[in-house]
>>> print(open('data27.cif').read())   # mmCIF, C-alpha atoms and all ligand atoms
data_final
loop_
_atom_site.label_atom_id
_atom_site.label_comp_id
_atom_site.auth_asym_id
_atom_site.auth_seq_id
_atom_site.Cartn_x
_atom_site.Cartn_y
_atom_site.Cartn_z
CA MET A 253 -79.02 -130.46 165.13
CA ILE A 254 -79.74 -128.37 168.19
CA ASP A 255 -81.93 -125.31 168.31
CA PRO A 256 -79.81 -122.77 170.20
CA ARG A 257 -82.71 -120.41 170.85
CA ILE A 258 -84.38 -122.54 173.53
CA SER A 259 -81.60 -122.27 176.09
CA VAL A 260 -81.50 -118.48 176.07
CA ILE A 261 -85.20 -117.98 176.81
CA HIS A 262 -84.76 -118.36 180.56
CA GLU A 263 -81.95 -115.83 180.48
CA ARG A 264 -84.23 -113.33 178.75
CA LEU A 265 -86.91 -113.75 181.41
CA ARG A 266 -84.55 -113.76 184.36
CA ASN A 267 -85.73 -110.41 185.70
CA VAL A 268 -89.41 -110.90 184.98
CA ARG A 269 -91.17 -111.59 188.26
CA ASN A 270 -94.64 -112.59 187.05
CA ILE A 271 -95.62 -114.04 183.71
CA ILE A 272 -99.37 -114.11 183.29
CA ALA A 273 -101.05 -115.74 180.30
CA VAL A 274 -104.57 -114.40 179.78
CA SER A 275 -106.30 -117.41 178.27
CA SER A 276 -109.58 -119.17 177.69
CA GLY A 277 -110.81 -122.37 176.18
CA LYS A 278 -113.03 -120.20 174.03
CA GLY A 279 -112.54 -117.44 171.47
CA GLY A 280 -114.12 -114.01 171.64
CA VAL A 281 -114.64 -113.95 175.42
CA GLY A 282 -112.59 -110.80 176.04
CA LYS A 283 -109.03 -112.09 176.53
CA SER A 284 -107.40 -109.31 174.54
CA LEU A 285 -109.43 -106.63 176.31
CA VAL A 286 -108.71 -108.12 179.73
CA ALA A 287 -104.99 -108.50 178.95
CA SER A 288 -104.76 -104.92 177.66
CA ALA A 289 -106.73 -103.38 180.51
CA ALA A 290 -104.79 -105.41 183.08
CA ALA A 291 -101.45 -104.33 181.63
CA LEU A 292 -102.48 -100.65 181.48
CA THR A 293 -103.95 -100.73 184.99
CA LEU A 294 -100.87 -102.35 186.53
CA ALA A 295 -98.62 -99.87 184.73
CA ARG A 296 -100.65 -96.96 186.13
CA LYS A 297 -100.27 -98.40 189.60
CA GLY A 298 -96.52 -98.00 189.19
CA PHE A 299 -95.52 -101.53 188.26
CA LYS A 300 -93.08 -102.31 185.47
CA VAL A 301 -95.26 -104.00 182.91
CA ALA A 302 -95.00 -105.46 179.43
CA LEU A 303 -97.77 -106.74 177.18
CA PHE A 304 -96.97 -109.43 174.60
CA ASP A 305 -99.57 -110.33 171.98
CA LEU A 306 -99.07 -114.03 171.27
CA ASP A 307 -102.10 -114.33 169.02
CA PHE A 308 -99.89 -114.34 165.93
CA THR A 309 -102.57 -115.14 163.39
CA SER A 310 -105.15 -112.68 164.79
CA PRO A 311 -103.33 -110.05 166.82
CA SER A 312 -105.67 -107.42 168.22
CA SER A 313 -104.22 -105.76 171.32
CA HIS A 314 -102.49 -103.10 169.17
CA ILE A 315 -105.94 -101.95 168.07
CA ILE A 316 -107.17 -101.76 171.66
CA LEU A 317 -104.10 -99.69 172.58
CA GLY A 318 -104.47 -97.52 169.48
CA ILE A 319 -101.01 -98.33 168.18
CA ASP A 320 -99.94 -97.93 164.57
CA ASP A 321 -96.51 -96.80 163.39
CA LEU A 322 -94.52 -98.15 166.32
CA GLN A 323 -91.30 -100.16 165.89
CA PRO A 324 -89.01 -101.93 168.35
CA LYS A 325 -85.39 -100.89 168.68
CA GLU A 326 -82.65 -103.28 167.70
CA GLU A 327 -79.77 -103.34 170.12
CA LYS A 328 -78.10 -106.69 170.81
CA GLY A 329 -81.65 -108.00 170.71
CA ILE A 330 -85.09 -106.52 170.23
CA ILE A 331 -86.16 -103.84 172.68
CA PRO A 332 -89.94 -103.53 172.82
CA PRO A 333 -91.05 -99.90 172.54
CA GLU A 334 -92.81 -98.20 175.44
CA VAL A 335 -96.33 -97.01 174.91
CA HIS A 336 -98.89 -95.85 177.48
CA GLY A 337 -96.37 -96.68 180.23
CA LEU A 338 -95.80 -100.28 179.22
CA LYS A 339 -93.49 -102.23 176.97
CA TYR A 340 -95.41 -103.60 174.05
CA MET A 341 -94.51 -106.50 171.78
CA SER A 342 -96.51 -107.88 168.88
CA ILE A 343 -96.00 -109.62 165.57
CA VAL A 344 -97.70 -106.64 163.89
CA TYR A 345 -94.32 -104.86 164.00
CA TYR A 346 -93.25 -107.35 161.36
CA ALA A 347 -96.43 -108.46 159.62
CA GLY A 348 -98.05 -105.02 159.56
CA GLU A 349 -101.72 -105.20 158.67
CA ARG A 350 -101.22 -108.17 156.37
CA ALA A 351 -102.53 -111.65 157.18
CA SER A 352 -100.05 -114.20 158.55
CA PRO A 353 -101.16 -117.66 157.49
CA LEU A 354 -99.08 -119.67 159.97
CA ARG A 355 -99.39 -123.34 160.76
CA GLY A 356 -98.66 -124.83 164.18
CA ALA A 357 -94.95 -125.42 163.59
CA ASP A 358 -94.54 -121.88 162.26
CA ILE A 359 -96.33 -120.45 165.27
CA SER A 360 -93.98 -122.37 167.57
CA ASN A 361 -90.96 -121.16 165.67
CA ALA A 362 -92.05 -117.53 165.72
CA LEU A 363 -92.83 -117.79 169.44
CA ILE A 364 -89.44 -119.28 170.25
CA GLU A 365 -87.72 -116.68 168.08
CA LEU A 366 -89.40 -113.73 169.78
CA PHE A 367 -88.84 -115.09 173.28
CA ALA A 368 -85.18 -115.72 172.41
CA VAL A 369 -84.41 -112.25 171.09
CA THR A 370 -86.71 -109.87 172.99
CA ILE A 371 -84.95 -108.01 175.78
CA TRP A 372 -87.62 -107.29 178.38
CA GLY A 373 -85.34 -106.03 181.11
CA ASP A 374 -86.67 -105.73 184.64
CA LEU A 375 -90.42 -106.38 184.87
CA ASP A 376 -92.96 -106.89 187.61
CA PHE A 377 -95.48 -108.28 185.13
CA LEU A 378 -95.31 -109.73 181.65
CA ILE A 379 -98.93 -110.04 180.52
CA ILE A 380 -99.55 -112.31 177.55
CA ASP A 381 -102.58 -112.00 175.31
CA MET A 382 -103.16 -115.60 174.25
CA PRO A 383 -104.91 -117.06 171.23
CA PRO A 384 -108.09 -119.00 172.06
CA GLY A 385 -108.11 -122.59 173.18
CA ILE A 386 -105.43 -125.00 174.23
CA SER A 387 -103.31 -123.82 171.34
CA ASP A 388 -99.77 -124.26 170.08
CA ALA A 389 -98.93 -121.08 171.95
CA THR A 390 -100.24 -122.58 175.21
CA LEU A 391 -98.23 -125.76 174.81
CA ASP A 392 -95.10 -123.84 173.76
CA LEU A 393 -95.31 -121.50 176.72
CA LEU A 394 -95.53 -124.48 179.05
CA ARG A 395 -92.65 -126.18 177.29
CA PHE A 396 -90.17 -123.38 176.77
CA VAL A 397 -91.04 -120.58 179.13
CA GLY A 398 -92.20 -122.23 182.36
CA ASN A 399 -92.95 -120.25 185.51
CA ILE A 400 -96.22 -119.12 184.01
CA LYS A 401 -99.51 -118.41 185.70
CA PHE A 402 -102.80 -118.53 183.84
CA LEU A 403 -105.55 -116.00 184.17
CA ILE A 404 -108.66 -117.50 182.65
CA VAL A 405 -111.51 -115.57 181.06
CA THR A 406 -114.97 -116.98 180.47
CA THR A 407 -118.42 -115.61 179.73
CA PRO A 408 -121.60 -116.62 181.57
CA SER A 409 -122.35 -119.05 178.73
CA GLN A 410 -122.32 -122.77 179.40
CA LEU A 411 -120.65 -123.15 176.03
CA ALA A 412 -117.73 -120.96 177.07
CA PHE A 413 -117.46 -122.56 180.46
CA GLU A 414 -117.42 -126.09 179.05
CA THR A 415 -114.18 -125.27 177.20
CA VAL A 416 -112.82 -123.40 180.22
CA ARG A 417 -113.54 -126.39 182.46
CA LYS A 418 -111.37 -128.61 180.25
CA PHE A 419 -108.67 -125.97 180.18
CA ILE A 420 -108.60 -125.69 183.98
CA GLU A 421 -108.60 -129.46 184.40
CA LEU A 422 -105.67 -129.82 182.03
CA LEU A 423 -103.68 -127.10 183.78
CA SER A 424 -104.27 -128.57 187.21
CA GLU A 425 -103.39 -132.06 186.00
CA ILE A 426 -100.01 -130.83 184.83
CA LYS A 427 -99.70 -128.68 187.95
CA VAL A 428 -99.58 -125.29 186.26
CA PRO A 429 -100.75 -122.45 188.50
CA VAL A 430 -104.09 -120.85 187.69
CA ILE A 431 -104.58 -117.43 189.26
CA GLY A 432 -108.31 -117.74 188.80
CA VAL A 433 -111.25 -117.18 186.50
CA ILE A 434 -112.88 -113.90 185.46
CA GLU A 435 -116.47 -113.97 184.27
CA ASN A 436 -116.81 -111.39 181.51
CA MET A 437 -119.87 -109.93 179.73
CA LYS A 438 -122.11 -110.57 182.71
CA MET A 439 -125.69 -109.59 181.89
CA LYS A 440 -127.81 -110.94 184.72
CA ASP A 441 -127.36 -112.23 188.22
CA SER A 442 -126.28 -115.83 188.36
CA THR A 443 -123.78 -117.72 190.45
CA PHE A 444 -123.51 -120.62 187.99
CA ILE A 445 -119.96 -119.84 186.83
CA LYS A 446 -118.74 -118.95 190.33
CA GLN A 447 -120.02 -122.24 191.71
CA GLN A 448 -118.59 -124.23 188.84
CA VAL A 449 -115.18 -122.59 189.14
CA GLU A 450 -114.99 -123.04 192.90
CA SER A 451 -116.09 -126.65 192.65
CA LYS A 452 -112.93 -127.20 190.60
CA GLY A 453 -110.84 -125.79 193.42
CA VAL A 454 -109.98 -122.67 191.42
CA ARG A 455 -110.50 -119.08 192.58
CA PHE A 456 -113.34 -117.10 191.09
CA LEU A 457 -111.81 -113.65 190.77
CA GLY A 458 -114.91 -111.65 189.95
CA GLU A 459 -117.18 -110.51 187.17
CA ILE A 460 -117.11 -107.80 184.52
CA PRO A 461 -120.46 -106.48 183.25
CA PHE A 462 -121.46 -106.40 179.63
CA ASP A 463 -120.56 -102.82 178.71
CA PRO A 464 -122.29 -101.30 175.69
CA GLN A 465 -119.82 -98.38 175.74
CA LEU A 466 -116.79 -100.62 175.47
CA GLU A 467 -116.63 -100.91 171.69
CA GLU A 468 -116.38 -97.17 171.07
CA SER A 469 -113.53 -96.84 173.59
CA ILE A 470 -111.31 -99.24 171.65
CA GLY A 471 -108.22 -97.44 170.36
CA ASN A 472 -108.41 -94.64 172.93
CA VAL A 473 -106.64 -95.67 176.11
CA GLU A 474 -108.06 -92.92 178.34
CA ARG A 475 -111.61 -93.71 177.32
CA PHE A 476 -110.94 -97.42 177.56
CA LEU A 477 -109.67 -97.12 181.13
CA ALA A 478 -112.74 -95.07 182.06
CA THR A 479 -115.21 -97.77 180.93
CA ARG A 480 -117.22 -99.89 183.35
CA PHE A 481 -115.29 -102.81 181.89
CA SER A 482 -111.89 -101.43 182.92
CA LYS A 483 -113.17 -100.19 186.30
CA ALA A 484 -114.52 -103.63 187.12
CA LEU A 485 -111.24 -105.23 186.07
CA GLU A 486 -109.28 -102.75 188.18
CA LYS A 487 -111.27 -103.84 191.26
CA ILE A 488 -110.55 -107.48 190.45
CA ILE A 489 -106.84 -106.70 190.12
CA GLU A 490 -106.73 -104.78 193.38
CA ARG A 491 -108.38 -107.67 195.19
CA ASN A 492 -106.34 -110.45 193.65
CA LEU A 493 -103.01 -109.60 192.09
CA LYS A 494 -100.06 -109.19 194.36
CA PRO A 495 -96.67 -109.03 192.71
CA GLY A 496 -94.10 -111.41 194.07
CA MET B 130 -77.87 -105.99 165.40
CA HIS B 131 -80.07 -108.67 166.91
CA GLU B 132 -77.33 -111.00 165.63
CA TRP B 133 -76.00 -110.48 169.15
CA ALA B 134 -79.06 -112.11 170.66
CA LEU B 135 -78.70 -115.09 168.32
CA ALA B 136 -74.97 -115.36 169.09
CA GLU B 137 -75.77 -115.31 172.79
CA ALA B 138 -78.19 -118.20 172.24
CA VAL B 139 -75.43 -120.20 170.52
CA ILE B 140 -72.95 -119.50 173.32
CA THR B 141 -75.47 -120.35 176.05
CA THR B 142 -76.39 -123.62 174.37
CA ALA B 143 -72.76 -124.61 173.72
CA PHE B 144 -71.96 -123.86 177.35
CA GLN B 145 -74.85 -126.02 178.55
CA ILE B 146 -73.76 -128.88 176.32
CA ALA B 147 -70.23 -128.64 177.73
CA GLU B 148 -71.54 -128.80 181.27
CA LYS B 149 -73.81 -131.73 180.51
CA GLU B 150 -71.08 -133.70 178.77
CA ASN B 151 -68.50 -132.75 181.34
CA LEU B 152 -66.22 -131.02 178.83
CA GLU B 153 -63.17 -129.22 180.04
CA GLU B 154 -63.02 -127.03 177.03
CA ILE B 155 -64.95 -126.47 173.83
CA ILE B 156 -62.78 -126.71 170.74
CA GLU B 157 -65.27 -126.36 167.94
CA VAL B 158 -68.86 -125.24 167.47
CA ASN B 159 -70.39 -126.10 164.13
CA ILE B 160 -73.19 -123.75 163.19
CA LYS B 161 -75.64 -123.74 160.31
CA LEU B 162 -76.97 -120.35 159.22
CA GLY B 163 -80.13 -120.38 157.16
CA GLU B 164 -80.37 -118.00 154.25
CA LEU B 165 -83.95 -116.98 155.06
CA GLN B 166 -82.98 -115.13 158.24
CA GLN B 167 -80.29 -113.11 156.41
CA VAL B 168 -77.98 -113.02 159.42
CA ASP B 169 -75.05 -110.62 158.99
CA LEU B 170 -72.11 -112.99 159.26
CA ASP B 171 -69.54 -110.41 160.32
CA ILE B 172 -71.65 -109.08 163.17
CA PHE B 173 -72.62 -112.61 164.19
CA LYS B 174 -69.00 -113.79 164.28
CA PHE B 175 -67.88 -110.67 166.09
CA ALA B 176 -70.64 -111.16 168.68
CA LEU B 177 -69.60 -114.80 169.16
CA SER B 178 -66.00 -113.76 169.74
CA GLN B 179 -67.03 -111.10 172.27
CA LEU B 180 -69.50 -113.21 174.20
CA LYS B 181 -67.51 -116.39 174.73
CA PRO B 182 -66.84 -117.40 178.32
CA PRO B 183 -63.50 -118.98 179.44
CA LEU B 184 -64.78 -122.48 178.60
CA LEU B 185 -65.01 -121.40 174.96
CA LYS B 186 -61.97 -119.15 174.80
CA ASN B 187 -60.17 -121.28 172.22
CA ALA B 188 -63.31 -122.42 170.45
CA LYS B 189 -63.47 -122.20 166.70
CA PHE B 190 -66.87 -121.32 165.28
CA ASN B 191 -67.44 -122.96 161.92
CA VAL B 192 -70.37 -121.37 160.18
CA THR B 193 -71.94 -123.05 157.16
CA ARG B 194 -74.57 -121.23 155.18
CA MET B 195 -77.69 -123.13 154.12
CA ASN B 196 -79.74 -122.06 151.16
CA ALA B 197 -83.42 -121.56 151.88
CA LYS B 198 -85.73 -124.00 150.11
CA PHE B 199 -89.49 -123.83 150.01
CA LYS B 200 -92.16 -126.31 149.05
CA CYS B 201 -95.74 -125.40 148.26
CA ARG B 202 -98.34 -127.42 150.15
CA ALA B 203 -100.99 -126.60 147.58
CA CYS B 204 -99.24 -127.60 144.33
CA GLY B 205 -95.98 -129.25 145.42
CA HIS B 206 -93.73 -126.78 143.63
CA GLU B 207 -90.26 -126.29 145.13
CA TRP B 208 -88.28 -123.06 144.88
CA SER B 209 -85.45 -121.16 146.46
CA PHE B 210 -85.09 -117.74 148.09
CA ASN B 211 -83.72 -116.04 144.99
CA ASP B 212 -86.62 -117.21 142.85
CA VAL B 213 -88.96 -114.67 144.44
CA ALA B 214 -88.65 -110.89 144.62
CA ILE B 215 -88.86 -109.62 148.20
CA ASP B 216 -88.63 -105.92 148.98
CA GLU B 217 -86.37 -104.41 151.63
CA ASP B 218 -89.04 -103.98 154.34
CA ALA B 219 -90.16 -107.57 153.97
CA ARG B 220 -86.57 -108.82 154.11
CA GLU B 221 -86.06 -106.88 157.30
CA ALA B 222 -89.21 -108.35 158.89
CA ILE B 223 -88.22 -111.87 157.81
CA HIS B 224 -84.77 -111.27 159.32
CA PHE B 225 -86.38 -110.83 162.75
CA VAL B 226 -89.04 -113.53 162.44
CA PRO B 227 -88.44 -115.87 159.49
CA GLU B 228 -92.05 -117.15 159.67
CA ILE B 229 -93.07 -113.71 158.43
CA ALA B 230 -92.06 -115.12 155.04
CA HIS B 231 -95.59 -116.54 155.01
CA THR B 232 -96.89 -112.99 155.12
CA TYR B 233 -94.90 -111.80 152.11
CA VAL B 234 -93.88 -114.80 150.02
CA LYS B 235 -96.29 -116.74 147.81
CA CYS B 236 -95.70 -119.86 145.76
CA PRO B 237 -94.30 -118.61 142.43
CA ARG B 238 -96.32 -121.23 140.58
CA CYS B 239 -99.81 -121.13 142.16
CA GLY B 240 -99.74 -118.10 144.47
CA SER B 241 -100.46 -120.01 147.68
CA PRO B 242 -99.01 -118.74 150.99
CA ASP B 243 -99.27 -122.28 152.37
CA PHE B 244 -95.71 -123.49 151.93
CA GLU B 245 -93.13 -125.27 153.98
CA VAL B 246 -89.60 -124.04 154.63
CA LEU B 247 -87.71 -127.24 153.80
CA GLN B 248 -84.35 -125.87 154.92
CA GLY B 249 -82.42 -122.71 155.59
CA ARG B 250 -84.70 -121.05 158.13
CA GLY B 251 -82.34 -119.72 160.82
CA VAL B 252 -79.58 -120.56 163.26
CA TRP B 253 -78.81 -124.16 164.25
CA ILE B 254 -75.99 -125.80 166.14
CA ASP B 255 -74.86 -128.84 164.20
CA SER B 256 -72.37 -130.13 166.75
CA VAL B 257 -70.12 -129.15 169.60
CA VAL B 258 -66.66 -130.68 169.85
CA GLY B 259 -64.76 -130.56 173.12
CA ALA B 260 -62.13 -132.12 175.32
CA LYS B 261 -63.41 -134.28 178.19
CA ARG B 262 -62.32 -133.64 181.72
CA ASP B 263 -60.19 -136.60 182.78
CA ASP B 264 -61.77 -137.56 186.08
N1 LIG C 1 -117.61 -106.77 178.98
C1 LIG C 1 -117.87 -106.57 177.70
N2 LIG C 1 -118.90 -105.80 177.29
C2 LIG C 1 -119.15 -105.62 175.99
N3 LIG C 1 -118.45 -106.14 174.98
C3 LIG C 1 -117.40 -106.91 175.31
C4 LIG C 1 -117.05 -107.17 176.67
N4 LIG C 1 -115.96 -107.96 176.68
C5 LIG C 1 -115.65 -108.18 175.39
N5 LIG C 1 -116.51 -107.56 174.57
C6 LIG C 1 -116.49 -107.60 173.09
O1 LIG C 1 -116.22 -108.92 172.69
C7 LIG C 1 -115.39 -108.95 171.55
C8 LIG C 1 -114.21 -109.88 171.78
O2 LIG C 1 -113.30 -109.31 172.70
P1 LIG C 1 -111.76 -109.72 172.63
O3 LIG C 1 -111.23 -109.49 171.28
O4 LIG C 1 -111.07 -109.09 173.78
O5 LIG C 1 -111.92 -111.29 172.89
P2 LIG C 1 -110.81 -112.42 172.73
O6 LIG C 1 -111.14 -113.46 173.74
O7 LIG C 1 -109.46 -111.82 172.82
O8 LIG C 1 -111.06 -112.95 171.27
P3 LIG C 1 -110.11 -113.94 170.42
O9 LIG C 1 -110.41 -115.31 170.95
O10 LIG C 1 -110.55 -113.77 169.02
O11 LIG C 1 -108.70 -113.52 170.67
C9 LIG C 1 -114.99 -107.53 171.26
O12 LIG C 1 -115.70 -107.08 170.15
C10 LIG C 1 -115.36 -106.76 172.49
O13 LIG C 1 -115.78 -105.46 172.22
MG MG C 2 -107.81 -111.93 171.47
ZN ZN C 3 -98.02 -123.69 144.67
#
>>> encode(input="data27.cif", output="structure tokens", more="lines below")
Ligand SMILES: Nc1ncnc2c1ncn2[C@@H]1O[C@H](COP(=O)(O)OP(=O)(O)OP(=O)(O)O)[C@@H](O)[C@H]1O
Ligand SMILES: [Mg+2]
Ligand SMILES: [Zn+2]
Amino acid sequence: MIDPRISVIHERLRNVRNIIAVSSGKGGVGKSLVASAAALTLARKGFKVALFDLDFTSPSSHIILGIDDLQPKEEKGIIPPEVHGLKYMSIVYYAGERASPLRGADISNALIELFAVTIWGDLDFLIIDMPPGISDATLDLLRFVGNIKFLIVTTPSQLAFETVRKFIELLSEIKVPVIGVIENMKMKDSTFIKQQVESKGVRFLGEIPFDPQLEESIGNVERFLATRFSKALEKIIERNLKPG
Amino acid sequence: MHEWALAEAVITTAFQIAEKENLEEIIEVNIKLGELQQVDLDIFKFALSQLKPPLLKNAKFNVTRMNAKFKCRACGHEWSFNDVAIDEDAREAIHFVPEIAHTYVKCPRCGSPDFEVLQGRGVWIDSVVGAKRDD
């Protein structure tokens, strides 16, 4: 038996110029916030952008974007709705606010299904909010999607970086491009992470300060984009991301 | 209507198989349709007929339906799709992403959401029959 969905995935992504997986070895480091702010910022700069939440068991980017009551259109495939200037796709359209207790094989199946039927159209950037760690989603993206670049998020903590180090080493071993590492929730001056990252031959993209105002901006896109967090990320994007 | 996207996947895969096996023409595509995904057979077949490239122009699409079967990982109970009541919204969500069954369906015996879909999830190609190029 052959799974017909796999072969159509490349067709679906044919006009997507950059696929960026926002990842980390560690949970809770700010991946969803970075992915959301990056997608919004790029969209405001005039790029065609989509955001895809691949954290199927704990989706959270819809909360950051303040989305409830949105549904994709069905038209020879699934057309992700546009919100805040970007196309947005998430399992919450189907699971709602209920828990989705999915095992690895289920996660792979759902991922393949959504990549096989979602019609993205023409995109400069498809930003993916990844679940933590070297997960099923990571391995499936590498296997079925290809042509992916990883944007890695860490915190200043040695504990976070230890997992990130393994993640970077794995990606470079299998020759997957890493755009670079962002150090989030920076609280005091230290070049520890920067040095560590550069010693691995990976670009250190910049740092984002710990921002006590961030939490109350969640759900309100204008306020979110005005935070020190989003401003710092915008600078990092301007310095580092060139479409092409 | 996302039956069209699934039909396109079938056509693309059949086409790739034909190229790989150096087939001159595809005569038959045998497809299994799982009950869980609730694919609309008429739309699906219509989409297949509209999407087929010249290599598949005479192809016959044989679609076999497969009942969905579930097995609970907690208590071992096995059941089928019709044994559980699922409302319209849930059916619709499961139609798009069959794994969403885990969000709505529980084991009818012990209530666990930790079950396995033994068969009948979605669309599979069973086999592709074609005529070889004679070179
Ligand atoms: N720069 C920052 N300043 C203050 N708080 C932050 C900052 N970055 C992230 N946070 C907080 O950290 C928490 C985790 O953020 P987020 O959900 O984006 O992380 P994540 O890596 O996506 O987590 P998960 O691994 O669960 O997906 C949030 O509560 C967020 O408010
Ligand atoms: Mg997250
Ligand atoms: Zn049970």
>>> residues_around(input="data27.cif", residues="Ile470 (chain A)", least_positions_apart="6", cutoff="8 Å", atoms="all atoms listed in the file", output="list of chain:residue names")
A:Ile315, A:Ile316, A:Leu317, A:Gly318, A:Phe476
>>> closest_residue(input="data27.cif", among="A:Leu294, A:Leu411, A:Ile271, A:Ile380", to="ligand MG 2 (chain C)", atoms="only C-alpha atoms and all ligand atoms")
A:Ile380
>>> interface_residues(input="data27.cif", of="chain B", to="chain A", cutoff="7 Å", atoms="all atoms listed in the file", output="MDAnalysis selection string")
chainID B and resid 130:135 138:139 141:142 222 226 228:229 231:232 242 253:256
>>> residues_near_ligand(input="data27.cif", ligand="ligand ZN 3 (chain C)", cutoff="9 Å", atoms="only C-alpha atoms and all ligand atoms", output="compact mmCIF listing (two decimals) with C-alpha atoms, in the coordinates of the input")
# COMPACT_ATOMS: atom_id res chain seq x y z
CA LYS B 200 -92.16 -126.31 149.05
CA CYS B 201 -95.74 -125.40 148.26
CA ARG B 202 -98.34 -127.42 150.15
CA ALA B 203 -100.99 -126.60 147.58
CA CYS B 204 -99.24 -127.60 144.33
CA GLY B 205 -95.98 -129.25 145.42
CA HIS B 206 -93.73 -126.78 143.63
CA GLU B 207 -90.26 -126.29 145.13
CA LYS B 235 -96.29 -116.74 147.81
CA CYS B 236 -95.70 -119.86 145.76
CA PRO B 237 -94.30 -118.61 142.43
CA ARG B 238 -96.32 -121.23 140.58
CA CYS B 239 -99.81 -121.13 142.16
CA GLY B 240 -99.74 -118.10 144.47
CA SER B 241 -100.46 -120.01 147.68
CA PRO B 242 -99.01 -118.74 150.99
CA ASP B 243 -99.27 -122.28 152.37
CA PHE B 244 -95.71 -123.49 151.93
>>> atom_distance(input="data27.cif", atom1="CA of Ile319 (chain A)", atom2="CA of Glu334 (chain A)")
11.0 Å
>>> closest_atom_pairs(input="data27.cif", of="chain A", to="ligand LIG 1 (chain C)", cutoff="10 Å", atoms="all atoms listed in the file", output="CSV")
residue,atom,partner,partner_atom,distance
A:Val274,CA,C:LIG1,O7,8.9
A:Ser275,CA,C:LIG1,O6,7.7
A:Ser276,CA,C:LIG1,O6,7.1
A:Gly277,CA,C:LIG1,O9,8.8
A:Lys278,CA,C:LIG1,O9,6.3
A:Gly279,CA,C:LIG1,O9,3.1
A:Gly280,CA,C:LIG1,O8,3.3
A:Val281,CA,C:LIG1,O6,3.9
A:Gly282,CA,C:LIG1,O4,3.2
A:Lys283,CA,C:LIG1,O7,3.7
A:Ser284,CA,C:LIG1,O7,3.7
A:Leu285,CA,C:LIG1,O4,3.9
A:Val286,CA,C:LIG1,O4,6.5
A:Ala287,CA,C:LIG1,O4,8.0
A:Ser288,CA,C:LIG1,O4,8.5
A:Ala289,CA,C:LIG1,O4,9.8
A:Asp305,CA,C:LIG1,O11,9.8
A:Leu306,CA,C:LIG1,O11,9.7
A:Asp307,CA,C:LIG1,O11,6.9
A:Thr309,CA,C:LIG1,O11,9.7
A:Ser310,CA,C:LIG1,O11,6.9
A:Pro311,CA,C:LIG1,O11,7.5
A:Ser312,CA,C:LIG1,O3,6.7
A:Ser313,CA,C:LIG1,O3,7.9
A:Ile315,CA,C:LIG1,O3,9.8
A:Ile316,CA,C:LIG1,O4,8.6
A:Asp381,CA,C:LIG1,O7,7.3
A:Met382,CA,C:LIG1,O11,6.9
A:Pro383,CA,C:LIG1,O11,5.2
A:Pro384,CA,C:LIG1,O9,4.5
A:Gly385,CA,C:LIG1,O9,8.0
A:Val405,CA,C:LIG1,O6,7.6
A:Thr406,CA,C:LIG1,O6,8.5
A:Thr407,CA,C:LIG1,N4,8.6
A:Glu435,CA,C:LIG1,N1,9.0
A:Asn436,CA,C:LIG1,N1,5.3
A:Met437,CA,C:LIG1,N1,4.0
A:Lys438,CA,C:LIG1,N1,7.0
A:Met439,CA,C:LIG1,N2,9.0
A:Glu459,CA,C:LIG1,N1,9.0
A:Ile460,CA,C:LIG1,N1,5.7
A:Pro461,CA,C:LIG1,N1,5.1
A:Phe462,CA,C:LIG1,N2,3.5
A:Asp463,CA,C:LIG1,N2,3.7
A:Pro464,CA,C:LIG1,C2,5.3
A:Gln465,CA,C:LIG1,C2,7.3
A:Leu466,CA,C:LIG1,C2,5.6
A:Glu467,CA,C:LIG1,O13,4.7
A:Glu468,CA,C:LIG1,O13,8.4
A:Ser469,CA,C:LIG1,O13,9.0
A:Ile470,CA,C:LIG1,O13,7.7
A:Thr479,CA,C:LIG1,N1,9.5
A:Arg480,CA,C:LIG1,N1,8.2
A:Phe481,CA,C:LIG1,N1,5.4
A:Ser482,CA,C:LIG1,N1,8.8
A:Ala484,CA,C:LIG1,N1,9.3
A:Leu485,CA,C:LIG1,N1,9.7
>>> atom_distance(input="data27.cif", atom1="CA of Glu217 (chain B)", atom2="CA of Met195 (chain B)")
20.8 Å
>>> atom_distance(input="data27.cif", atom1="CA of Leu185 (chain B)", atom2="CA of Leu152 (chain B)")
10.4 Å
>>> residues_around(input="data27.cif", residues="Gln166 (chain B)", least_positions_apart="6", cutoff="7 Å", atoms="all atoms listed in the file", output="compact mmCIF listing (two decimals) with C-alpha atoms, keeping the file's coordinate frame")
# COMPACT_ATOMS: atom_id res chain seq x y z
CA ILE B 223 -88.22 -111.87 157.81
CA HIS B 224 -84.77 -111.27 159.32
CA PRO B 227 -88.44 -115.87 159.49
CA ARG B 250 -84.70 -121.05 158.13
CA GLY B 251 -82.34 -119.72 160.82
>>> closest_residue(input="data27.cif", among="B:Lys261, B:Lys189, B:Arg220, B:Lys198", to="Asn159 (chain B)", atoms="all atoms listed in the file")
B:Lys189
>>> closest_residue(input="data27.cif", among="A:Arg491, A:His314, A:Lys300, A:His262", to="ligand MG 2 (chain C)", atoms="all atoms listed in the file")
A:His314
>>> closest_residue(input="data27.cif", among="B:Val258, B:Ile160, B:Ala230, B:Ile172", to="Asn187 (chain B)", atoms="all atoms listed in the file")
B:Val258
